[in-house]
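Report on the following structure.
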Amino acid sequence: MYALINRLTTKRFLWFGFLFILSVNVVIFPFFPGLFGVTDFDTKQIFDLQFGFDTGYAKNFLAELGDKKRHVYMLSTLLIDTPYAMIYGFVYAVLINFLLGKSSVNISFLTLFPFLISIFDLIENAFTVKFLLSYPDISSTLVSLASFANRLKWLSAALTLIMILVLIINIMYKSLKKA
């Protein structure tokens, strides 16, 4: 894994990666439902964007969606969010590897930390698809597990962001110290 991340650690890959992340969040996710004639899908309510959720929220949200929107939500989860989770893990791993190369910190295992976000997102996606396929029979236990994965995803994302900021500050401090 380290060898692949090292090969991908280029400014070009980072630019492509961040352009991809921006495109998915600003264009693809918001406009995907429209491809299926669904123009009133409030994506701010999806499980992915919550910090945890309970069975009541899950059942109410899925009931409010209706059949067509539940189908679009499942397609979005499978066709967009699942590959997206794998790709953004690599982009953030490459960014951390890039920053580690520029800083005085050399802890290469940190490079793998963003994959925790991806892993927990993929677990959450698997549960989301299970909920959508089994609706209206949604297990409270599975909702609890999905919510736990969701919270771990967001905590991993926050820690990854903090790590990136600390590395950037370290690089800035190092360059100011040289000047």
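Going through the structure tokens in order, the chains are called A, B, and so on, while each chain numbers its residues from 1 and the ligands are numbered from 1 in the order shown.
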If you take only C-alpha atoms and a cut-off of 7 Å, which residues of region 61-131 of chain A touch region 10-28 of chain A, and what are their nearest atom pairs and distances in Å to one decimal, in chain and number order, as a Markdown table?
| residue | atom | partner | partner_atom | distance |
| --- | --- | --- | --- | --- |
| A:Tyr88 | CA | A:Ile21 | CA | 6.9 |
| A:Val91 | CA | A:Gly17 | CA | 5.5 |
| A:Leu95 | CA | A:Leu14 | CA | 6.8 |
message = When you look at Thr9 (chain A) with a cut-off of 7 Å (counting only C-alpha atoms), what residues show up, excluding the ones that are within fewer than 4 positions of it in the same chain? I need them as an NGL selection string.
response = :A and (5 or 13 or 94 or 97-98)
Using DSSP on the backbone, list every residue of chain A that comes out as helix (DSSP H, G or I), and give them as a tab-separated table (two decimals) with N, CA and C atoms, in the first residue's frame.
chain	number	residue	atom	x	y	z
A	2	TYR	N	1.95	1.22	0.83
A	2	TYR	CA	2.84	2.37	0.87
A	2	TYR	C	3.46	2.65	-0.50
A	3	ALA	N	3.82	1.58	-1.22
A	3	ALA	CA	4.45	1.76	-2.53
A	3	ALA	C	3.49	2.46	-3.49
A	4	LEU	N	2.23	2.07	-3.48
A	4	LEU	CA	1.24	2.71	-4.35
A	4	LEU	C	1.05	4.18	-3.95
A	5	ILE	N	0.94	4.43	-2.67
A	5	ILE	CA	0.77	5.82	-2.20
A	5	ILE	C	1.98	6.66	-2.58
A	6	ASN	N	3.18	6.09	-2.44
A	6	ASN	CA	4.39	6.83	-2.82
A	6	ASN	C	4.41	7.14	-4.31
A	7	ARG	N	3.95	6.19	-5.13
A	7	ARG	CA	3.90	6.44	-6.58
A	7	ARG	C	2.89	7.52	-6.94
A	8	LEU	N	1.80	7.56	-6.18
A	8	LEU	CA	0.75	8.55	-6.46
A	8	LEU	C	1.06	9.93	-5.88
A	11	LYS	N	2.09	16.32	-7.20
A	11	LYS	CA	1.19	17.48	-7.20
A	11	LYS	C	0.06	17.27	-8.20
A	12	ARG	N	0.39	16.65	-9.31
A	12	ARG	CA	-0.62	16.40	-10.36
A	12	ARG	C	-1.75	15.52	-9.82
A	13	PHE	N	-1.40	14.43	-9.12
A	13	PHE	CA	-2.43	13.56	-8.55
A	13	PHE	C	-3.26	14.31	-7.52
A	14	LEU	N	-2.60	15.13	-6.69
A	14	LEU	CA	-3.34	15.89	-5.68
A	14	LEU	C	-4.32	16.86	-6.33
A	15	TRP	N	-3.89	17.56	-7.38
A	15	TRP	CA	-4.80	18.48	-8.07
A	15	TRP	C	-5.97	17.72	-8.67
A	16	PHE	N	-5.68	16.60	-9.33
A	16	PHE	CA	-6.74	15.78	-9.90
A	16	PHE	C	-7.67	15.26	-8.80
A	17	GLY	N	-7.09	14.80	-7.70
A	17	GLY	CA	-7.88	14.27	-6.60
A	17	GLY	C	-8.81	15.29	-5.99
A	18	PHE	N	-8.30	16.49	-5.74
A	18	PHE	CA	-9.16	17.52	-5.14
A	18	PHE	C	-10.20	18.04	-6.13
A	19	LEU	N	-9.87	18.07	-7.40
A	19	LEU	CA	-10.85	18.43	-8.42
A	19	LEU	C	-11.95	17.37	-8.48
A	20	PHE	N	-11.57	16.11	-8.36
A	20	PHE	CA	-12.53	15.02	-8.34
A	20	PHE	C	-13.45	15.14	-7.12
A	21	ILE	N	-12.87	15.34	-5.94
A	21	ILE	CA	-13.66	15.46	-4.71
A	21	ILE	C	-14.64	16.63	-4.83
A	22	LEU	N	-14.16	17.75	-5.31
A	22	LEU	CA	-15.01	18.94	-5.49
A	22	LEU	C	-16.13	18.65	-6.48
A	23	SER	N	-15.80	18.01	-7.60
A	23	SER	CA	-16.81	17.69	-8.62
A	23	SER	C	-17.89	16.77	-8.09
A	24	VAL	N	-17.49	15.76	-7.34
A	24	VAL	CA	-18.47	14.82	-6.80
A	24	VAL	C	-19.41	15.54	-5.84
A	25	ASN	N	-18.85	16.38	-4.97
A	25	ASN	CA	-19.68	17.04	-3.95
A	25	ASN	C	-20.53	18.19	-4.49
A	26	VAL	N	-20.01	18.90	-5.48
A	26	VAL	CA	-20.72	20.07	-5.99
A	26	VAL	C	-21.60	19.76	-7.19
A	27	VAL	N	-21.23	18.77	-7.98
A	27	VAL	CA	-21.97	18.49	-9.21
A	27	VAL	C	-22.68	17.13	-9.16
A	28	ILE	N	-21.91	16.07	-8.97
A	28	ILE	CA	-22.47	14.73	-9.14
A	28	ILE	C	-23.52	14.39	-8.09
A	29	PHE	N	-23.18	14.50	-6.81
A	29	PHE	CA	-24.17	14.18	-5.77
A	29	PHE	C	-25.45	15.00	-5.89
A	30	PRO	N	-25.34	16.32	-6.03
A	30	PRO	CA	-26.59	17.11	-6.09
A	30	PRO	C	-27.45	16.85	-7.34
A	31	PHE	N	-26.82	16.55	-8.47
A	31	PHE	CA	-27.58	16.42	-9.71
A	31	PHE	C	-27.95	14.98	-10.07
A	32	PHE	N	-27.38	14.00	-9.39
A	32	PHE	CA	-27.66	12.60	-9.71
A	32	PHE	C	-29.15	12.26	-9.64
A	33	PRO	N	-29.88	12.67	-8.60
A	33	PRO	CA	-31.31	12.33	-8.55
A	33	PRO	C	-32.09	12.84	-9.76
A	34	GLY	N	-31.69	13.99	-10.31
A	34	GLY	CA	-32.36	14.55	-11.46
A	34	GLY	C	-32.29	13.66	-12.69
A	35	LEU	N	-31.27	12.82	-12.78
A	35	LEU	CA	-31.16	11.89	-13.90
A	35	LEU	C	-32.32	10.90	-13.93
A	36	PHE	N	-32.98	10.74	-12.78
A	36	PHE	CA	-34.09	9.80	-12.65
A	36	PHE	C	-35.41	10.53	-12.47
A	43	THR	N	-30.74	16.06	-0.13
A	43	THR	CA	-29.58	15.22	0.20
A	43	THR	C	-28.98	15.55	1.56
A	44	LYS	N	-29.37	16.67	2.16
A	44	LYS	CA	-28.83	17.02	3.48
A	44	LYS	C	-29.35	16.08	4.57
A	45	GLN	N	-30.37	15.30	4.27
A	45	GLN	CA	-30.95	14.40	5.27
A	45	GLN	C	-30.40	12.98	5.21
A	47	PHE	N	-28.16	9.57	5.49
A	47	PHE	CA	-27.42	9.05	6.64
A	47	PHE	C	-25.97	9.52	6.63
A	48	ASP	N	-25.36	9.55	5.45
A	48	ASP	CA	-23.95	9.94	5.32
A	48	ASP	C	-23.63	11.29	5.95
A	49	LEU	N	-24.57	12.21	5.91
A	49	LEU	CA	-24.31	13.56	6.38
A	49	LEU	C	-24.74	13.81	7.82
A	55	THR	N	-33.07	4.62	15.12
A	55	THR	CA	-34.04	3.86	14.33
A	55	THR	C	-35.22	4.73	13.91
A	56	GLY	N	-35.68	5.59	14.81
A	56	GLY	CA	-36.79	6.48	14.47
A	56	GLY	C	-36.44	7.38	13.30
A	57	TYR	N	-35.25	7.98	13.34
A	57	TYR	CA	-34.82	8.84	12.24
A	57	TYR	C	-34.75	8.03	10.94
A	58	ALA	N	-34.14	6.85	11.00
A	58	ALA	CA	-33.97	6.02	9.80
A	58	ALA	C	-35.32	5.66	9.19
A	59	LYS	N	-36.23	5.20	10.02
A	59	LYS	CA	-37.54	4.79	9.51
A	59	LYS	C	-38.32	5.98	8.95
A	60	ASN	N	-38.31	7.10	9.67
A	60	ASN	CA	-39.03	8.30	9.20
A	60	ASN	C	-38.44	8.83	7.90
A	61	PHE	N	-37.11	8.91	7.85
A	61	PHE	CA	-36.45	9.43	6.65
A	61	PHE	C	-36.78	8.55	5.44
A	62	LEU	N	-36.65	7.24	5.60
A	62	LEU	CA	-36.91	6.33	4.47
A	62	LEU	C	-38.38	6.33	4.07
A	63	ALA	N	-39.27	6.50	5.04
A	63	ALA	CA	-40.70	6.58	4.73
A	63	ALA	C	-41.00	7.85	3.93
A	64	GLU	N	-40.41	8.97	4.35
A	64	GLU	CA	-40.62	10.24	3.65
A	64	GLU	C	-40.09	10.22	2.22
A	65	LEU	N	-39.05	9.43	1.97
A	65	LEU	CA	-38.49	9.37	0.62
A	65	LEU	C	-39.47	8.79	-0.39
A	66	GLY	N	-40.17	7.76	-0.02
A	66	GLY	CA	-41.02	7.07	-0.99
A	66	GLY	C	-40.20	6.12	-1.84
A	67	ASP	N	-40.88	5.30	-2.62
A	67	ASP	CA	-40.22	4.24	-3.39
A	67	ASP	C	-39.17	4.76	-4.38
A	68	LYS	N	-39.54	5.75	-5.17
A	68	LYS	CA	-38.64	6.23	-6.22
A	68	LYS	C	-37.37	6.85	-5.64
A	69	LYS	N	-37.52	7.68	-4.62
A	69	LYS	CA	-36.34	8.32	-4.03
A	69	LYS	C	-35.48	7.30	-3.28
A	70	ARG	N	-36.11	6.29	-2.67
A	70	ARG	CA	-35.31	5.24	-2.03
A	70	ARG	C	-34.47	4.51	-3.08
A	71	HIS	N	-35.05	4.26	-4.25
A	71	HIS	CA	-34.31	3.60	-5.32
A	71	HIS	C	-33.14	4.47	-5.79
A	72	VAL	N	-33.38	5.75	-5.97
A	72	VAL	CA	-32.32	6.68	-6.39
A	72	VAL	C	-31.23	6.77	-5.31
A	73	TYR	N	-31.65	6.79	-4.05
A	73	TYR	CA	-30.70	6.83	-2.94
A	73	TYR	C	-29.81	5.59	-2.96
A	74	MET	N	-30.40	4.43	-3.22
A	74	MET	CA	-29.61	3.19	-3.28
A	74	MET	C	-28.63	3.24	-4.45
A	75	LEU	N	-29.08	3.68	-5.61
A	75	LEU	CA	-28.18	3.79	-6.77
A	75	LEU	C	-27.05	4.78	-6.50
A	76	SER	N	-27.38	5.89	-5.88
A	76	SER	CA	-26.38	6.89	-5.54
A	76	SER	C	-25.34	6.32	-4.58
A	77	THR	N	-25.82	5.56	-3.59
A	77	THR	CA	-24.91	4.95	-2.62
A	77	THR	C	-23.99	3.94	-3.30
A	78	LEU	N	-24.56	3.10	-4.15
A	78	LEU	CA	-23.78	2.06	-4.81
A	78	LEU	C	-22.86	2.58	-5.91
A	79	LEU	N	-23.39	3.48	-6.75
A	79	LEU	CA	-22.65	3.90	-7.95
A	79	LEU	C	-21.75	5.11	-7.74
A	80	ILE	N	-22.07	5.93	-6.75
A	80	ILE	CA	-21.27	7.14	-6.55
A	80	ILE	C	-20.53	7.09	-5.23
A	81	ASP	N	-21.26	6.95	-4.13
A	81	ASP	CA	-20.63	7.09	-2.82
A	81	ASP	C	-19.64	5.98	-2.51
A	82	THR	N	-19.91	4.77	-2.96
A	82	THR	CA	-18.99	3.67	-2.66
A	82	THR	C	-17.64	3.84	-3.36
A	83	PRO	N	-17.60	4.08	-4.69
A	83	PRO	CA	-16.29	4.33	-5.30
A	83	PRO	C	-15.66	5.63	-4.79
A	84	TYR	N	-16.49	6.63	-4.53
A	84	TYR	CA	-16.00	7.90	-4.01
A	84	TYR	C	-15.25	7.69	-2.69
A	85	ALA	N	-15.79	6.85	-1.81
A	85	ALA	CA	-15.15	6.59	-0.52
A	85	ALA	C	-13.75	6.00	-0.71
A	86	MET	N	-13.61	5.13	-1.68
A	86	MET	CA	-12.30	4.52	-1.92
A	86	MET	C	-11.32	5.55	-2.49
A	87	ILE	N	-11.81	6.38	-3.39
A	87	ILE	CA	-10.92	7.35	-4.04
A	87	ILE	C	-10.50	8.45	-3.07
A	88	TYR	N	-11.44	9.00	-2.29
A	88	TYR	CA	-11.02	10.08	-1.39
A	88	TYR	C	-10.06	9.57	-0.32
A	89	GLY	N	-10.15	8.29	0.04
A	89	GLY	CA	-9.17	7.72	0.98
A	89	GLY	C	-7.77	7.83	0.42
A	90	PHE	N	-7.63	7.50	-0.86
A	90	PHE	CA	-6.32	7.61	-1.50
A	90	PHE	C	-5.87	9.06	-1.61
A	91	VAL	N	-6.77	9.96	-1.95
A	91	VAL	CA	-6.39	11.37	-2.11
A	91	VAL	C	-5.86	11.93	-0.79
A	92	TYR	N	-6.56	11.67	0.31
A	92	TYR	CA	-6.11	12.18	1.60
A	92	TYR	C	-4.84	11.47	2.08
A	93	ALA	N	-4.70	10.19	1.76
A	93	ALA	CA	-3.47	9.47	2.11
A	93	ALA	C	-2.28	10.07	1.36
A	94	VAL	N	-2.49	10.37	0.08
A	94	VAL	CA	-1.42	10.98	-0.72
A	94	VAL	C	-1.10	12.37	-0.19
A	95	LEU	N	-2.11	13.14	0.19
A	95	LEU	CA	-1.86	14.47	0.75
A	95	LEU	C	-1.02	14.37	2.02
A	96	ILE	N	-1.37	13.47	2.91
A	96	ILE	CA	-0.60	13.31	4.14
A	96	ILE	C	0.82	12.85	3.82
A	97	ASN	N	0.97	11.93	2.88
A	97	ASN	CA	2.31	11.48	2.47
A	97	ASN	C	3.12	12.64	1.90
A	98	PHE	N	2.47	13.46	1.09
A	98	PHE	CA	3.12	14.64	0.51
A	98	PHE	C	3.57	15.59	1.61
A	99	LEU	N	2.68	15.86	2.56
A	99	LEU	CA	3.02	16.77	3.66
A	99	LEU	C	4.09	16.18	4.58
A	100	LEU	N	4.05	14.89	4.81
A	100	LEU	CA	5.09	14.25	5.62
A	100	LEU	C	6.46	14.40	4.96
A	101	GLY	N	6.47	14.33	3.63
A	101	GLY	CA	7.73	14.50	2.90
A	101	GLY	C	8.27	15.91	3.00
A	102	LYS	N	7.41	16.89	3.23
A	102	LYS	CA	7.82	18.29	3.32
A	102	LYS	C	8.10	18.73	4.77
A	108	SER	N	5.34	7.42	8.87
A	108	SER	CA	4.67	7.00	7.65
A	108	SER	C	3.34	6.28	7.89
A	109	PHE	N	3.12	5.68	9.05
A	109	PHE	CA	1.85	4.99	9.27
A	109	PHE	C	0.67	5.97	9.27
A	110	LEU	N	0.95	7.26	9.50
A	110	LEU	CA	-0.11	8.27	9.45
A	110	LEU	C	-0.73	8.35	8.06
A	111	THR	N	0.05	7.98	7.05
A	111	THR	CA	-0.43	8.00	5.68
A	111	THR	C	-1.67	7.12	5.51
A	112	LEU	N	-1.77	6.05	6.27
A	112	LEU	CA	-2.88	5.12	6.14
A	112	LEU	C	-4.13	5.55	6.89
A	114	PRO	N	-6.29	8.04	6.69
A	114	PRO	CA	-7.51	8.39	5.94
A	114	PRO	C	-8.32	7.20	5.45
A	115	PHE	N	-7.69	6.03	5.36
A	115	PHE	CA	-8.43	4.86	4.94
A	115	PHE	C	-9.45	4.42	5.99
A	116	LEU	N	-9.26	4.87	7.23
A	116	LEU	CA	-10.28	4.60	8.25
A	116	LEU	C	-11.59	5.28	7.87
A	117	ILE	N	-11.49	6.50	7.36
A	117	ILE	CA	-12.70	7.20	6.91
A	117	ILE	C	-13.39	6.37	5.84
A	118	SER	N	-12.61	5.91	4.87
A	118	SER	CA	-13.16	5.11	3.77
A	118	SER	C	-13.79	3.83	4.28
A	119	ILE	N	-13.11	3.13	5.16
A	119	ILE	CA	-13.62	1.85	5.67
A	119	ILE	C	-14.95	2.06	6.39
A	120	PHE	N	-15.01	3.06	7.27
A	120	PHE	CA	-16.25	3.30	8.01
A	120	PHE	C	-17.36	3.79	7.08
A	121	ASP	N	-17.00	4.55	6.05
A	121	ASP	CA	-17.99	5.00	5.06
A	121	ASP	C	-18.54	3.81	4.28
A	122	LEU	N	-17.66	2.89	3.90
A	122	LEU	CA	-18.11	1.71	3.16
A	122	LEU	C	-19.01	0.82	4.03
A	123	ILE	N	-18.69	0.70	5.30
A	123	ILE	CA	-19.56	-0.05	6.22
A	123	ILE	C	-20.92	0.62	6.32
A	124	GLU	N	-20.91	1.94	6.48
A	124	GLU	CA	-22.15	2.69	6.54
A	124	GLU	C	-22.96	2.51	5.24
A	125	ASN	N	-22.28	2.53	4.10
A	125	ASN	CA	-22.96	2.34	2.82
A	125	ASN	C	-23.60	0.96	2.72
A	126	ALA	N	-22.91	-0.05	3.20
A	126	ALA	CA	-23.46	-1.41	3.17
A	126	ALA	C	-24.74	-1.47	3.99
A	127	PHE	N	-24.72	-0.85	5.17
A	127	PHE	CA	-25.93	-0.82	5.99
A	127	PHE	C	-27.04	-0.01	5.32
A	128	THR	N	-26.69	1.09	4.70
A	128	THR	CA	-27.68	1.92	4.01
A	128	THR	C	-28.38	1.11	2.93
A	129	VAL	N	-27.62	0.39	2.13
A	129	VAL	CA	-28.21	-0.43	1.08
A	129	VAL	C	-29.10	-1.51	1.70
A	130	LYS	N	-28.64	-2.11	2.78
A	130	LYS	CA	-29.45	-3.13	3.48
A	130	LYS	C	-30.78	-2.52	3.93
A	131	PHE	N	-30.74	-1.31	4.51
A	131	PHE	CA	-31.98	-0.64	4.96
A	131	PHE	C	-32.91	-0.40	3.78
A	132	LEU	N	-32.33	0.07	2.67
A	132	LEU	CA	-33.14	0.40	1.50
A	132	LEU	C	-33.76	-0.85	0.89
A	133	LEU	N	-33.04	-1.95	0.91
A	133	LEU	CA	-33.57	-3.20	0.34
A	133	LEU	C	-34.60	-3.87	1.26
A	134	SER	N	-34.44	-3.68	2.56
A	134	SER	CA	-35.33	-4.37	3.50
A	134	SER	C	-36.47	-3.48	4.00
A	140	SER	N	-33.29	-2.47	14.44
A	140	SER	CA	-32.71	-1.46	15.35
A	140	SER	C	-31.24	-1.74	15.62
A	141	THR	N	-30.89	-3.01	15.69
A	141	THR	CA	-29.49	-3.37	15.92
A	141	THR	C	-28.62	-2.92	14.76
A	142	LEU	N	-29.10	-3.15	13.53
A	142	LEU	CA	-28.32	-2.72	12.36
A	142	LEU	C	-28.23	-1.20	12.28
A	143	VAL	N	-29.31	-0.51	12.67
A	143	VAL	CA	-29.26	0.95	12.68
A	143	VAL	C	-28.21	1.42	13.67
A	144	SER	N	-28.15	0.79	14.82
A	144	SER	CA	-27.14	1.16	15.83
A	144	SER	C	-25.73	0.94	15.30
A	145	LEU	N	-25.52	-0.17	14.62
A	145	LEU	CA	-24.20	-0.45	14.04
A	145	LEU	C	-23.86	0.55	12.93
A	146	ALA	N	-24.85	0.86	12.10
A	146	ALA	CA	-24.63	1.84	11.03
A	146	ALA	C	-24.31	3.21	11.61
A	147	SER	N	-25.04	3.59	12.65
A	147	SER	CA	-24.81	4.87	13.30
A	147	SER	C	-23.41	4.92	13.92
A	148	PHE	N	-22.99	3.81	14.51
A	148	PHE	CA	-21.65	3.73	15.11
A	148	PHE	C	-20.59	3.90	14.02
A	149	ALA	N	-20.75	3.21	12.89
A	149	ALA	CA	-19.81	3.35	11.77
A	149	ALA	C	-19.81	4.79	11.26
A	150	ASN	N	-20.99	5.40	11.20
A	150	ASN	CA	-21.13	6.79	10.76
A	150	ASN	C	-20.34	7.73	11.68
A	151	ARG	N	-20.49	7.55	12.98
A	151	ARG	CA	-19.77	8.41	13.93
A	151	ARG	C	-18.26	8.20	13.85
A	152	LEU	N	-17.85	6.94	13.70
A	152	LEU	CA	-16.42	6.66	13.55
A	152	LEU	C	-15.87	7.28	12.27
A	153	LYS	N	-16.67	7.29	11.22
A	153	LYS	CA	-16.27	7.93	9.96
A	153	LYS	C	-16.01	9.41	10.20
A	154	TRP	N	-16.95	10.10	10.84
A	154	TRP	CA	-16.81	11.53	11.07
A	154	TRP	C	-15.67	11.84	12.04
A	155	LEU	N	-15.49	11.01	13.06
A	155	LEU	CA	-14.36	11.22	13.98
A	155	LEU	C	-13.03	11.01	13.26
A	156	SER	N	-12.96	10.00	12.40
A	156	SER	CA	-11.75	9.77	11.60
A	156	SER	C	-11.49	10.93	10.65
A	157	ALA	N	-12.56	11.47	10.08
A	157	ALA	CA	-12.40	12.63	9.18
A	157	ALA	C	-11.88	13.84	9.96
A	158	ALA	N	-12.41	14.06	11.15
A	158	ALA	CA	-11.95	15.19	11.96
A	158	ALA	C	-10.48	15.02	12.35
A	159	LEU	N	-10.11	13.82	12.76
A	159	LEU	CA	-8.71	13.57	13.12
A	159	LEU	C	-7.79	13.70	11.91
A	160	THR	N	-8.25	13.27	10.74
A	160	THR	CA	-7.46	13.43	9.51
A	160	THR	C	-7.27	14.91	9.20
A	161	LEU	N	-8.32	15.69	9.33
A	161	LEU	CA	-8.21	17.14	9.10
A	161	LEU	C	-7.24	17.78	10.08
A	162	ILE	N	-7.33	17.42	11.34
A	162	ILE	CA	-6.40	17.95	12.35
A	162	ILE	C	-4.97	17.56	12.00
A	163	MET	N	-4.77	16.31	11.59
A	163	MET	CA	-3.44	15.85	11.21
A	163	MET	C	-2.89	16.67	10.05
A	164	ILE	N	-3.72	16.92	9.05
A	164	ILE	CA	-3.30	17.71	7.89
A	164	ILE	C	-2.94	19.13	8.32
A	165	LEU	N	-3.77	19.74	9.17
A	165	LEU	CA	-3.49	21.10	9.64
A	165	LEU	C	-2.20	21.15	10.46
A	166	VAL	N	-1.98	20.16	11.31
A	166	VAL	CA	-0.75	20.12	12.11
A	166	VAL	C	0.47	19.99	11.20
A	167	LEU	N	0.37	19.16	10.18
A	167	LEU	CA	1.49	19.01	9.24
A	167	LEU	C	1.75	20.31	8.48
A	168	ILE	N	0.69	20.99	8.06
A	168	ILE	CA	0.86	22.27	7.36
A	168	ILE	C	1.51	23.29	8.28
A	169	ILE	N	1.05	23.37	9.52
A	169	ILE	CA	1.65	24.30	10.50
A	169	ILE	C	3.11	23.95	10.73
A	170	ASN	N	3.42	22.67	10.82
A	170	ASN	CA	4.80	22.22	11.00
A	170	ASN	C	5.67	22.67	9.83
A	171	ILE	N	5.17	22.54	8.62
A	171	ILE	CA	5.92	22.96	7.42
A	171	ILE	C	6.11	24.47	7.43
A	172	MET	N	5.05	25.21	7.77
A	172	MET	CA	5.17	26.68	7.82
A	172	MET	C	6.17	27.11	8.88
A	173	TYR	N	6.12	26.48	10.04
A	173	TYR	CA	7.04	26.81	11.13
A	173	TYR	C	8.48	26.53	10.69
A	174	LYS	N	8.68	25.38	10.04
A	174	LYS	CA	9.99	24.99	9.57
A	174	LYS	C	10.53	25.99	8.55
A	175	SER	N	9.67	26.45	7.64
A	175	SER	CA	10.13	27.40	6.63
A	175	SER	C	10.37	28.79	7.22
A	176	LEU	N	9.59	29.20	8.21
A	176	LEU	CA	9.82	30.48	8.89
A	176	LEU	C	11.12	30.45	9.70
A	177	LYS	N	11.39	29.30	10.26
A	177	LYS	CA	12.60	29.13	11.08
A	177	LYS	C	13.85	29.24	10.21
A	178	LYS	N	13.75	28.79	8.95
A	178	LYS	CA	14.88	28.87	8.02
A	178	LYS	C	15.11	30.30	7.55
ask   = Between CA of Phe51 (chain A) and CA of Gly37 (chain A), what is the distance, to one decimal in Å?
value =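 Rounded to one decimal, the two atoms are 28.9 Å apart.
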